[in-house]
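Below: one structure, written as structure tokens.
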Amino acid sequence: MKAGLRVLIVEDEPDVAELERLAFEREGFRVEVADSAARALERLRYAVPDLVILDLMLPDLDGLEILKYLRFREELSGVPVIVVSARGEEVDRVLGFELGADDYVVKPFSPRELVLRAKAVLKRVRRQEGPRVLTYGPLVLYEDQFRVEVEGQEVKLTPTEFRLLATLLSAPGKVFSREVLLDRVWGYQYEGYARTVDTHIKRLRKKLGSAGKWIETVWGVGYRIRSLHA
């Protein structure tokens, strides 16, 4: 892991923010803390972090609005986000993933586990096997440029959506189970969170527009890129 990566912690509880700050600084990260949405947005306009740790229950704005802002702004759309929240119901987790979170940690949590999850997310985002261009039908994915085009038009994807599409495109016709996709895209098992994959596939299809139909559901198994000759 590259030393000195910048982490923005958005957390209004001083004790929690301090636990997170110390945990990341021990691992060599540079940490900034914002205790409100307003301060977080100010810091995001000033500099782009390598990772955002985002609480949802902020005093001035729902943290999901910050997540939407990150995914809407072109210069910030590739920044990985880990939501850390006391809102642990399935509907909250699913909504977080639908809006583009790369991971979701429920309070109370282990600071050490949070840092390990952060490292896993950053490793996935930064992993490169050399420049590759994956072309299939109307889809073109440029791995080294983090860019996807559909019929020549660029489509903006989150880091997780990009990795999910790259995995499917790496072996057209092959069926990837939800468990395999969780392992390859997220880097570890979300125990009982298979719906996470379904949520991201739904978002990915929508963003790909007419090309979304190329992602096939194999009922009871998983997903694949359909054959060109189907």
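The way I read the labels, and the way they are meant: chains A, B, ... in the order of the structure tokens, residue 1 as the first residue of every chain, and ligand 1 as the first ligand shown, with later ones counted on from there.
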Could you give me, as JSON lines, every region 50-110 of chain A residue with an atom at most 9 Å from region 3-25 of chain A, plus its closest atom pair and distance in Å to one decimal, counting only C-alpha atoms, rows ordered by chain then number?
```
{"residue": "A:Asp50", "atom": "CA", "partner": "A:Arg6", "partner_atom": "CA", "distance": 5.2}
{"residue": "A:Leu51", "atom": "CA", "partner": "A:Val7", "partner_atom": "CA", "distance": 4.9}
{"residue": "A:Val52", "atom": "CA", "partner": "A:Leu8", "partner_atom": "CA", "distance": 4.8}
{"residue": "A:Ile53", "atom": "CA", "partner": "A:Ile9", "partner_atom": "CA", "distance": 4.7}
{"residue": "A:Leu54", "atom": "CA", "partner": "A:Val10", "partner_atom": "CA", "distance": 4.9}
{"residue": "A:Asp55", "atom": "CA", "partner": "A:Glu11", "partner_atom": "CA", "distance": 5.3}
{"residue": "A:Leu56", "atom": "CA", "partner": "A:Glu11", "partner_atom": "CA", "distance": 8.3}
{"residue": "A:Met57", "atom": "CA", "partner": "A:Asp12", "partner_atom": "CA", "distance": 8.1}
{"residue": "A:Leu58", "atom": "CA", "partner": "A:Asp12", "partner_atom": "CA", "distance": 6.1}
{"residue": "A:Pro59", "atom": "CA", "partner": "A:Asp12", "partner_atom": "CA", "distance": 7.3}
{"residue": "A:Gly63", "atom": "CA", "partner": "A:Val10", "partner_atom": "CA", "distance": 8.5}
{"residue": "A:Val84", "atom": "CA", "partner": "A:Glu11", "partner_atom": "CA", "distance": 8.8}
```
Write the residues of the preceding selection, restricted to all heavy atoms, as a PDB file, in the first residue's frame.
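Writing done, so here's out.pdb:
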```pdb
ATOM      1  N   ASP A  50      -7.975  10.236  -1.241  1.00  0.00           N
ATOM      2  CA  ASP A  50      -7.851   8.886  -1.801  1.00  0.00           C
ATOM      3  C   ASP A  50      -8.970   7.982  -1.308  1.00  0.00           C
ATOM      4  O   ASP A  50      -9.271   6.966  -1.933  1.00  0.00           O
ATOM      5  CB  ASP A  50      -6.494   8.280  -1.416  1.00  0.00           C
ATOM      6  CG  ASP A  50      -5.331   9.042  -2.020  1.00  0.00           C
ATOM      7  OD1 ASP A  50      -5.164   8.954  -3.255  1.00  0.00           O
ATOM      8  OD2 ASP A  50      -4.623   9.744  -1.281  1.00  0.00           O
ATOM      9  N   LEU A  51      -9.583   8.360  -0.181  1.00  0.00           N
ATOM     10  CA  LEU A  51     -10.640   7.539   0.415  1.00  0.00           C
ATOM     11  C   LEU A  51     -11.480   8.414   1.316  1.00  0.00           C
ATOM     12  O   LEU A  51     -10.962   9.325   1.976  1.00  0.00           O
ATOM     13  CB  LEU A  51     -10.018   6.388   1.235  1.00  0.00           C
ATOM     14  CG  LEU A  51     -10.969   5.505   2.053  1.00  0.00           C
ATOM     15  CD1 LEU A  51     -11.804   4.627   1.124  1.00  0.00           C
ATOM     16  CD2 LEU A  51     -10.174   4.640   3.032  1.00  0.00           C
ATOM     17  N   VAL A  52     -12.799   8.144   1.357  1.00  0.00           N
ATOM     18  CA  VAL A  52     -13.700   8.842   2.264  1.00  0.00           C
ATOM     19  C   VAL A  52     -14.354   7.828   3.194  1.00  0.00           C
ATOM     20  O   VAL A  52     -14.883   6.806   2.740  1.00  0.00           O
ATOM     21  CB  VAL A  52     -14.791   9.620   1.497  1.00  0.00           C
ATOM     22  CG1 VAL A  52     -15.820  10.198   2.473  1.00  0.00           C
ATOM     23  CG2 VAL A  52     -14.174  10.744   0.671  1.00  0.00           C
ATOM     24  N   ILE A  53     -14.278   8.105   4.500  1.00  0.00           N
ATOM     25  CA  ILE A  53     -15.000   7.333   5.509  1.00  0.00           C
ATOM     26  C   ILE A  53     -16.191   8.193   5.914  1.00  0.00           C
ATOM     27  O   ILE A  53     -16.019   9.287   6.459  1.00  0.00           O
ATOM     28  CB  ILE A  53     -14.115   7.036   6.738  1.00  0.00           C
ATOM     29  CG1 ILE A  53     -12.817   6.329   6.320  1.00  0.00           C
ATOM     30  CG2 ILE A  53     -14.886   6.204   7.752  1.00  0.00           C
ATOM     31  CD1 ILE A  53     -13.018   4.966   5.677  1.00  0.00           C
ATOM     32  N   LEU A  54     -17.397   7.726   5.651  1.00  0.00           N
ATOM     33  CA  LEU A  54     -18.574   8.587   5.707  1.00  0.00           C
ATOM     34  C   LEU A  54     -19.632   8.104   6.692  1.00  0.00           C
ATOM     35  O   LEU A  54     -20.204   7.018   6.528  1.00  0.00           O
ATOM     36  CB  LEU A  54     -19.188   8.676   4.308  1.00  0.00           C
ATOM     37  CG  LEU A  54     -20.460   9.513   4.142  1.00  0.00           C
ATOM     38  CD1 LEU A  54     -20.198  10.979   4.476  1.00  0.00           C
ATOM     39  CD2 LEU A  54     -20.990   9.373   2.711  1.00  0.00           C
ATOM     40  N   ASP A  55     -19.893   8.936   7.702  1.00  0.00           N
ATOM     41  CA  ASP A  55     -21.036   8.702   8.586  1.00  0.00           C
ATOM     42  C   ASP A  55     -22.295   9.232   7.893  1.00  0.00           C
ATOM     43  O   ASP A  55     -22.225  10.172   7.096  1.00  0.00           O
ATOM     44  CB  ASP A  55     -20.815   9.433   9.917  1.00  0.00           C
ATOM     45  CG  ASP A  55     -21.937   9.179  10.916  1.00  0.00           C
ATOM     46  OD1 ASP A  55     -22.582   8.120  10.821  1.00  0.00           O
ATOM     47  OD2 ASP A  55     -22.157  10.041  11.778  1.00  0.00           O
ATOM     48  N   LEU A  56     -23.439   8.652   8.191  1.00  0.00           N
ATOM     49  CA  LEU A  56     -24.679   9.097   7.560  1.00  0.00           C
ATOM     50  C   LEU A  56     -25.464  10.076   8.415  1.00  0.00           C
ATOM     51  O   LEU A  56     -26.171  10.940   7.883  1.00  0.00           O
ATOM     52  CB  LEU A  56     -25.571   7.886   7.225  1.00  0.00           C
ATOM     53  CG  LEU A  56     -24.994   6.869   6.245  1.00  0.00           C
ATOM     54  CD1 LEU A  56     -26.047   5.803   5.944  1.00  0.00           C
ATOM     55  CD2 LEU A  56     -24.527   7.529   4.958  1.00  0.00           C
ATOM     56  N   MET A  57     -25.344   9.941   9.717  1.00  0.00           N
ATOM     57  CA  MET A  57     -26.163  10.763  10.614  1.00  0.00           C
ATOM     58  C   MET A  57     -25.376  11.997  11.044  1.00  0.00           C
ATOM     59  O   MET A  57     -24.823  12.059  12.143  1.00  0.00           O
ATOM     60  CB  MET A  57     -26.616   9.919  11.803  1.00  0.00           C
ATOM     61  CG  MET A  57     -27.448   8.718  11.375  1.00  0.00           C
ATOM     62  SD  MET A  57     -27.844   7.560  12.708  1.00  0.00           S
ATOM     63  CE  MET A  57     -28.962   8.561  13.688  1.00  0.00           C
ATOM     64  N   LEU A  58     -25.328  12.984  10.166  1.00  0.00           N
ATOM     65  CA  LEU A  58     -24.604  14.222  10.409  1.00  0.00           C
ATOM     66  C   LEU A  58     -25.564  15.301  10.896  1.00  0.00           C
ATOM     67  O   LEU A  58     -26.774  15.237  10.617  1.00  0.00           O
ATOM     68  CB  LEU A  58     -23.889  14.664   9.133  1.00  0.00           C
ATOM     69  CG  LEU A  58     -22.858  13.665   8.591  1.00  0.00           C
ATOM     70  CD1 LEU A  58     -22.379  14.086   7.213  1.00  0.00           C
ATOM     71  CD2 LEU A  58     -21.686  13.534   9.553  1.00  0.00           C
ATOM     72  N   PRO A  59     -25.070  16.317  11.583  1.00  0.00           N
ATOM     73  CA  PRO A  59     -25.967  17.307  12.179  1.00  0.00           C
ATOM     74  C   PRO A  59     -26.663  18.228  11.183  1.00  0.00           C
ATOM     75  O   PRO A  59     -27.734  18.761  11.479  1.00  0.00           O
ATOM     76  CB  PRO A  59     -25.033  18.109  13.094  1.00  0.00           C
ATOM     77  CG  PRO A  59     -23.674  17.935  12.501  1.00  0.00           C
ATOM     78  CD  PRO A  59     -23.663  16.548  11.960  1.00  0.00           C
ATOM     79  N   GLY A  63     -25.777  12.035   5.373  1.00  0.00           N
ATOM     80  CA  GLY A  63     -24.537  11.661   4.710  1.00  0.00           C
ATOM     81  C   GLY A  63     -24.737  11.116   3.306  1.00  0.00           C
ATOM     82  O   GLY A  63     -23.830  11.182   2.465  1.00  0.00           O
ATOM     83  N   VAL A  84     -19.765   4.324   7.292  1.00  0.00           N
ATOM     84  CA  VAL A  84     -19.712   3.805   8.662  1.00  0.00           C
ATOM     85  C   VAL A  84     -20.886   4.430   9.407  1.00  0.00           C
ATOM     86  O   VAL A  84     -20.909   5.640   9.636  1.00  0.00           O
ATOM     87  CB  VAL A  84     -18.387   4.169   9.357  1.00  0.00           C
ATOM     88  CG1 VAL A  84     -18.376   3.618  10.783  1.00  0.00           C
ATOM     89  CG2 VAL A  84     -17.201   3.616   8.575  1.00  0.00           C
TER      90      VAL A  84
END
```
- Query: Which residues, written as a PyMOL selection string, have at least one atom at most 7 Å from region 150-167 of chain A, with only C-alpha atoms counted and residues fewer than 4 positions away on the same chain left out?
  - Reply: chain A and resi 77-78+80+100+102+125+138-140+185+200+204+207-208+211
Please dump the current selection as a PDB file, in the first residue's frame; keep N, CA, C and O atoms.
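The resulting file, again.pdb, is shown below:
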```
ATOM      1  N   SER A  77     -15.874  11.252  -8.697  1.00  0.00           N
ATOM      2  CA  SER A  77     -16.666  10.030  -8.889  1.00  0.00           C
ATOM      3  C   SER A  77     -15.860   8.754  -8.684  1.00  0.00           C
ATOM      4  O   SER A  77     -16.424   7.707  -8.383  1.00  0.00           O
ATOM      5  N   GLY A  78     -14.535   8.831  -8.846  1.00  0.00           N
ATOM      6  CA  GLY A  78     -13.709   7.641  -8.681  1.00  0.00           C
ATOM      7  C   GLY A  78     -13.181   7.443  -7.276  1.00  0.00           C
ATOM      8  O   GLY A  78     -12.477   6.458  -7.014  1.00  0.00           O
ATOM      9  N   PRO A  80     -13.118   6.123  -3.711  1.00  0.00           N
ATOM     10  CA  PRO A  80     -13.837   5.075  -2.973  1.00  0.00           C
ATOM     11  C   PRO A  80     -14.403   5.608  -1.664  1.00  0.00           C
ATOM     12  O   PRO A  80     -13.795   6.460  -1.008  1.00  0.00           O
ATOM     13  N   GLY A 100     -23.722   4.086  -4.521  1.00  0.00           N
ATOM     14  CA  GLY A 100     -22.331   4.021  -4.945  1.00  0.00           C
ATOM     15  C   GLY A 100     -21.296   3.786  -3.869  1.00  0.00           C
ATOM     16  O   GLY A 100     -20.097   3.922  -4.127  1.00  0.00           O
ATOM     17  N   ASP A 102     -18.668   1.823  -1.648  1.00  0.00           N
ATOM     18  CA  ASP A 102     -17.828   0.657  -1.939  1.00  0.00           C
ATOM     19  C   ASP A 102     -17.855  -0.360  -0.810  1.00  0.00           C
ATOM     20  O   ASP A 102     -17.532  -1.530  -1.023  1.00  0.00           O
ATOM     21  N   VAL A 125      -9.121  -0.730  -6.067  1.00  0.00           N
ATOM     22  CA  VAL A 125      -9.192   0.431  -6.941  1.00  0.00           C
ATOM     23  C   VAL A 125      -7.899   0.632  -7.698  1.00  0.00           C
ATOM     24  O   VAL A 125      -7.887   0.998  -8.877  1.00  0.00           O
ATOM     25  N   PRO A 138     -21.154  -3.549 -28.139  1.00  0.00           N
ATOM     26  CA  PRO A 138     -21.105  -2.089 -28.078  1.00  0.00           C
ATOM     27  C   PRO A 138     -20.262  -1.565 -26.914  1.00  0.00           C
ATOM     28  O   PRO A 138     -20.103  -0.354 -26.755  1.00  0.00           O
ATOM     29  N   LEU A 139     -19.737  -2.486 -26.089  1.00  0.00           N
ATOM     30  CA  LEU A 139     -19.019  -2.097 -24.885  1.00  0.00           C
ATOM     31  C   LEU A 139     -17.516  -2.058 -25.109  1.00  0.00           C
ATOM     32  O   LEU A 139     -16.941  -2.977 -25.690  1.00  0.00           O
ATOM     33  N   VAL A 140     -16.878  -0.998 -24.618  1.00  0.00           N
ATOM     34  CA  VAL A 140     -15.416  -0.914 -24.619  1.00  0.00           C
ATOM     35  C   VAL A 140     -14.991  -0.450 -23.233  1.00  0.00           C
ATOM     36  O   VAL A 140     -15.444   0.595 -22.751  1.00  0.00           O
ATOM     37  N   VAL A 185     -14.673  -8.926  -6.793  1.00  0.00           N
ATOM     38  CA  VAL A 185     -14.910  -7.484  -6.912  1.00  0.00           C
ATOM     39  C   VAL A 185     -14.743  -6.779  -5.576  1.00  0.00           C
ATOM     40  O   VAL A 185     -14.116  -5.725  -5.490  1.00  0.00           O
ATOM     41  N   HIS A 200     -25.819  -3.795  -7.360  1.00  0.00           N
ATOM     42  CA  HIS A 200     -24.849  -3.185  -8.273  1.00  0.00           C
ATOM     43  C   HIS A 200     -25.127  -3.560  -9.732  1.00  0.00           C
ATOM     44  O   HIS A 200     -24.914  -2.741 -10.632  1.00  0.00           O
ATOM     45  N   LEU A 204     -25.691  -0.963 -12.678  1.00  0.00           N
ATOM     46  CA  LEU A 204     -24.820  -1.059 -13.842  1.00  0.00           C
ATOM     47  C   LEU A 204     -25.632  -1.164 -15.125  1.00  0.00           C
ATOM     48  O   LEU A 204     -25.348  -0.467 -16.117  1.00  0.00           O
ATOM     49  N   LYS A 207     -27.085   2.256 -16.014  1.00  0.00           N
ATOM     50  CA  LYS A 207     -26.104   3.198 -16.537  1.00  0.00           C
ATOM     51  C   LYS A 207     -25.665   2.836 -17.955  1.00  0.00           C
ATOM     52  O   LYS A 207     -25.353   3.720 -18.759  1.00  0.00           O
ATOM     53  N   LEU A 208     -25.631   1.544 -18.268  1.00  0.00           N
ATOM     54  CA  LEU A 208     -25.202   1.109 -19.595  1.00  0.00           C
ATOM     55  C   LEU A 208     -26.285   1.302 -20.644  1.00  0.00           C
ATOM     56  O   LEU A 208     -26.017   1.151 -21.839  1.00  0.00           O
ATOM     57  N   ALA A 211     -27.059  -1.154 -23.677  1.00  0.00           N
ATOM     58  CA  ALA A 211     -26.071  -2.229 -23.544  1.00  0.00           C
ATOM     59  C   ALA A 211     -26.264  -3.022 -22.257  1.00  0.00           C
ATOM     60  O   ALA A 211     -25.632  -4.061 -22.064  1.00  0.00           O
TER      61      ALA A 211
END
```
- Rounded to one decimal place, report the CA of Ala118 (chain A)-CA of Val31 (chain A) distance in Å.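 Taking CA of Ala118 (chain A) and CA of Val31 (chain A), their separation equals 13.0 Å.
Once region 223-226 of chain A and its same-chain neighbours fewer than 3 positions away are set aside, Leu168, Leu169, Ala171, Pro172, Gly173, Lys174, Val175, Phe176, Ser177, Arg178, Trp214, Ile215, Glu216, Thr217, Val218 and Ala230 of chain A remain within 8 Å of it when counting only C-alpha atoms.
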- Would you mind listing what lies within 8 Å of Leu41 (chain A) as number ranges by chain, with only C-alpha atoms counted and same-chain residues fewer than 4 positions away left out? A: 37, 45, 66
Write a file of the just-selected residues containing C-alpha atoms, as a short mmCIF file (atom, residue, chain, number, x, y, z; two decimals), in the first residue's frame.
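The file below, result.cif, is the result:
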```cif
data_model
loop_
_atom_site.label_atom_id
_atom_site.label_comp_id
_atom_site.auth_asym_id
_atom_site.auth_seq_id
_atom_site.Cartn_x
_atom_site.Cartn_y
_atom_site.Cartn_z
CA ALA A 37 -21.47 17.92 5.88
CA ARG A 45 -13.76 21.25 -3.07
CA ILE A 66 -22.54 13.69 0.35
#
```
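The space between CA of Asp103 (chain A) and CA of Ile82 (chain A) spans 4.7 Å.
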